[in-house]
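Data first, discussion second: the structure below is written as structure tokens.
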Amino acid sequence: MHRETLDAEPIDKRVPEALRAASEMVEYAAYEMARGASSSDVATLILLAADLERRAAQMEAPLS
């Protein structure tokens, strides 16, 4: 998702959507790196992508 698209979203959706977009890009980079980078570096990026996705989900979850 591009920044211009995010700017058009309601304020309460911008941060989670930005985090999801960042997660997708980090995950993409990890899989591209897997062709030649160390497995440790790839794993770190995959975990980072998962953390970004988790944080986006937390922000959207209703408070209990």
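Ligands are numbered from 1 in the order shown, residues from 1 within each chain, and chains are lettered A, B, ... in the order they appear in the structure tokens.
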For this session: Please provide the set of residues having any atom within 8 Å of range 48-51 of chain A, restricted to only C-alpha atoms, with same-chain residues fewer than 6 positions apart removed, written as an MDAnalysis selection string.
Result: chainID A and resid 22:24 26:27
Save out the residues we just selected, N, CA, C and O atoms, as a compact mmCIF listing (two decimals), in the first residue's frame.
```
# COMPACT_ATOMS: atom_id res chain seq x y z
N ALA A 22 4.40 -2.73 5.78
CA ALA A 22 5.81 -2.90 6.15
C ALA A 22 6.13 -4.38 6.35
O ALA A 22 7.18 -4.86 5.91
N SER A 23 5.23 -5.11 6.97
CA SER A 23 5.42 -6.54 7.19
C SER A 23 5.57 -7.28 5.86
O SER A 23 6.45 -8.13 5.72
N GLU A 24 4.72 -6.95 4.91
CA GLU A 24 4.79 -7.61 3.60
C GLU A 24 6.13 -7.34 2.91
O GLU A 24 6.72 -8.24 2.32
N VAL A 26 9.04 -6.50 4.38
CA VAL A 26 10.12 -7.16 5.12
C VAL A 26 10.12 -8.66 4.81
O VAL A 26 11.18 -9.25 4.59
N GLU A 27 8.94 -9.25 4.75
CA GLU A 27 8.86 -10.67 4.43
C GLU A 27 9.36 -10.94 3.01
O GLU A 27 10.10 -11.90 2.76
```
Problem set entry | All residues 9 Å or closer to range 29-33 of chain A, only C-alpha atoms, same chain fewer than 4 positions away omitted, as a list in words |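 Non-adjacent residues within range: Glu24, Met25, Ala37, Ser38, Ser39, Asp41, Val42, Ala43, Thr44, Leu45, Ile46 and Ala49 of chain A.
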Exercise. If we count only C-alpha atoms, what is near range 13-19 of chain A at a cut-off of 7 Å, once residues fewer than 4 positions away on the same chain are taken out, given as a VMD selection string?
Worked result: chain A and resid 6 9 23 52 to 53 56 59
Seminar exercise, completed: Correct to one decimal, the distance CA of Asp12 in chain A-CA of Glu60 in chain A is 8.4 Å
Exercise. DSSP on the backbone: what in chain A comes out helix (DSSP H, G or I), as a ChimeraX atom specification?
Worked result: /A:3-8,11-33,39-60
Based on the selection just made, write N, CA and C atoms of those residues as a short mmCIF file (atom, residue, chain, number, x, y, z; two decimals), in the first residue's frame.
```
data_model
loop_
_atom_site.label_atom_id
_atom_site.label_comp_id
_atom_site.auth_asym_id
_atom_site.auth_seq_id
_atom_site.Cartn_x
_atom_site.Cartn_y
_atom_site.Cartn_z
N ARG A 3 1.80 5.32 0.39
CA ARG A 3 1.51 6.34 1.40
C ARG A 3 0.28 7.16 1.03
N GLU A 4 0.12 7.48 -0.24
CA GLU A 4 -1.03 8.28 -0.66
C GLU A 4 -2.33 7.54 -0.36
N THR A 5 -2.32 6.23 -0.53
CA THR A 5 -3.49 5.42 -0.22
C THR A 5 -3.75 5.42 1.27
N LEU A 6 -2.69 5.30 2.05
CA LEU A 6 -2.84 5.32 3.51
C LEU A 6 -3.38 6.65 3.99
N ASP A 7 -2.93 7.73 3.39
CA ASP A 7 -3.39 9.06 3.81
C ASP A 7 -4.90 9.22 3.61
N ALA A 8 -5.46 8.47 2.69
CA ALA A 8 -6.90 8.55 2.43
C ALA A 8 -7.72 7.72 3.41
N ILE A 11 -8.11 7.71 10.20
CA ILE A 11 -6.94 7.77 11.08
C ILE A 11 -6.76 6.47 11.88
N ASP A 12 -7.85 5.83 12.30
CA ASP A 12 -7.72 4.62 13.12
C ASP A 12 -7.29 3.40 12.31
N LYS A 13 -7.27 3.50 10.99
CA LYS A 13 -6.83 2.39 10.15
C LYS A 13 -5.44 2.60 9.57
N ARG A 14 -4.93 3.80 9.63
CA ARG A 14 -3.65 4.10 8.99
C ARG A 14 -2.47 3.32 9.57
N VAL A 15 -2.34 3.32 10.87
CA VAL A 15 -1.18 2.67 11.49
C VAL A 15 -1.21 1.16 11.26
N PRO A 16 -2.34 0.48 11.53
CA PRO A 16 -2.34 -0.97 11.27
C PRO A 16 -2.07 -1.30 9.80
N GLU A 17 -2.61 -0.54 8.89
CA GLU A 17 -2.38 -0.81 7.47
C GLU A 17 -0.93 -0.53 7.10
N ALA A 18 -0.34 0.50 7.67
CA ALA A 18 1.07 0.79 7.40
C ALA A 18 1.96 -0.33 7.94
N LEU A 19 1.62 -0.85 9.13
CA LEU A 19 2.39 -1.95 9.70
C LEU A 19 2.26 -3.21 8.84
N ARG A 20 1.07 -3.46 8.32
CA ARG A 20 0.89 -4.63 7.44
C ARG A 20 1.69 -4.48 6.16
N ALA A 21 1.68 -3.29 5.59
CA ALA A 21 2.46 -3.05 4.37
C ALA A 21 3.95 -3.24 4.64
N ALA A 22 4.40 -2.73 5.78
CA ALA A 22 5.81 -2.90 6.15
C ALA A 22 6.13 -4.38 6.35
N SER A 23 5.23 -5.11 6.97
CA SER A 23 5.42 -6.54 7.19
C SER A 23 5.57 -7.28 5.86
N GLU A 24 4.72 -6.95 4.91
CA GLU A 24 4.79 -7.61 3.60
C GLU A 24 6.13 -7.34 2.91
N MET A 25 6.62 -6.11 3.00
CA MET A 25 7.88 -5.77 2.36
C MET A 25 9.06 -6.45 3.05
N VAL A 26 9.04 -6.50 4.38
CA VAL A 26 10.12 -7.16 5.12
C VAL A 26 10.12 -8.66 4.81
N GLU A 27 8.94 -9.25 4.75
CA GLU A 27 8.86 -10.67 4.43
C GLU A 27 9.36 -10.94 3.01
N TYR A 28 9.00 -10.08 2.09
CA TYR A 28 9.49 -10.20 0.71
C TYR A 28 11.02 -10.14 0.68
N ALA A 29 11.57 -9.18 1.40
CA ALA A 29 13.03 -9.04 1.46
C ALA A 29 13.67 -10.30 2.05
N ALA A 30 13.06 -10.87 3.06
CA ALA A 30 13.60 -12.08 3.67
C ALA A 30 13.67 -13.22 2.67
N TYR A 31 12.60 -13.41 1.93
CA TYR A 31 12.58 -14.51 0.96
C TYR A 31 13.56 -14.26 -0.18
N GLU A 32 13.73 -13.02 -0.56
CA GLU A 32 14.72 -12.71 -1.58
C GLU A 32 16.14 -12.94 -1.05
N MET A 33 16.36 -12.59 0.22
CA MET A 33 17.67 -12.80 0.84
C MET A 33 17.98 -14.28 0.99
N SER A 39 21.14 -17.91 7.00
CA SER A 39 19.80 -18.29 7.48
C SER A 39 19.42 -17.49 8.72
N SER A 40 20.39 -17.10 9.51
CA SER A 40 20.11 -16.30 10.70
C SER A 40 19.52 -14.94 10.33
N ASP A 41 20.09 -14.30 9.32
CA ASP A 41 19.58 -13.00 8.87
C ASP A 41 18.18 -13.13 8.30
N VAL A 42 17.95 -14.18 7.54
CA VAL A 42 16.63 -14.41 6.95
C VAL A 42 15.61 -14.65 8.07
N ALA A 43 15.96 -15.48 9.03
CA ALA A 43 15.05 -15.77 10.14
C ALA A 43 14.72 -14.51 10.92
N THR A 44 15.70 -13.66 11.13
CA THR A 44 15.46 -12.40 11.85
C THR A 44 14.43 -11.55 11.13
N LEU A 45 14.55 -11.46 9.82
CA LEU A 45 13.59 -10.66 9.06
C LEU A 45 12.19 -11.29 9.08
N ILE A 46 12.11 -12.61 9.00
CA ILE A 46 10.81 -13.27 9.05
C ILE A 46 10.14 -13.04 10.40
N LEU A 47 10.92 -13.09 11.46
CA LEU A 47 10.37 -12.81 12.80
C LEU A 47 9.93 -11.35 12.92
N LEU A 48 10.69 -10.44 12.33
CA LEU A 48 10.32 -9.03 12.35
C LEU A 48 9.00 -8.82 11.61
N ALA A 49 8.85 -9.44 10.45
CA ALA A 49 7.61 -9.33 9.69
C ALA A 49 6.43 -9.84 10.51
N ALA A 50 6.62 -10.96 11.19
CA ALA A 50 5.56 -11.52 12.02
C ALA A 50 5.21 -10.59 13.17
N ASP A 51 6.21 -9.96 13.76
CA ASP A 51 5.97 -9.02 14.85
C ASP A 51 5.18 -7.80 14.37
N LEU A 52 5.51 -7.29 13.21
CA LEU A 52 4.77 -6.15 12.65
C LEU A 52 3.31 -6.52 12.41
N GLU A 53 3.09 -7.70 11.87
CA GLU A 53 1.72 -8.18 11.62
C GLU A 53 0.96 -8.33 12.93
N ARG A 54 1.63 -8.89 13.95
CA ARG A 54 1.00 -9.07 15.26
C ARG A 54 0.61 -7.73 15.87
N ARG A 55 1.49 -6.75 15.76
CA ARG A 55 1.20 -5.42 16.30
C ARG A 55 0.02 -4.76 15.58
N ALA A 56 -0.06 -4.97 14.28
CA ALA A 56 -1.21 -4.43 13.53
C ALA A 56 -2.50 -5.05 14.03
N ALA A 57 -2.48 -6.35 14.22
CA ALA A 57 -3.68 -7.05 14.71
C ALA A 57 -4.07 -6.58 16.11
N GLN A 58 -3.09 -6.37 16.96
CA GLN A 58 -3.35 -5.88 18.31
C GLN A 58 -4.02 -4.50 18.28
N MET A 59 -3.59 -3.67 17.39
CA MET A 59 -4.15 -2.32 17.31
C MET A 59 -5.61 -2.34 16.86
N GLU A 60 -5.96 -3.35 16.08
CA GLU A 60 -7.33 -3.44 15.58
C GLU A 60 -8.25 -4.19 16.52
#
```
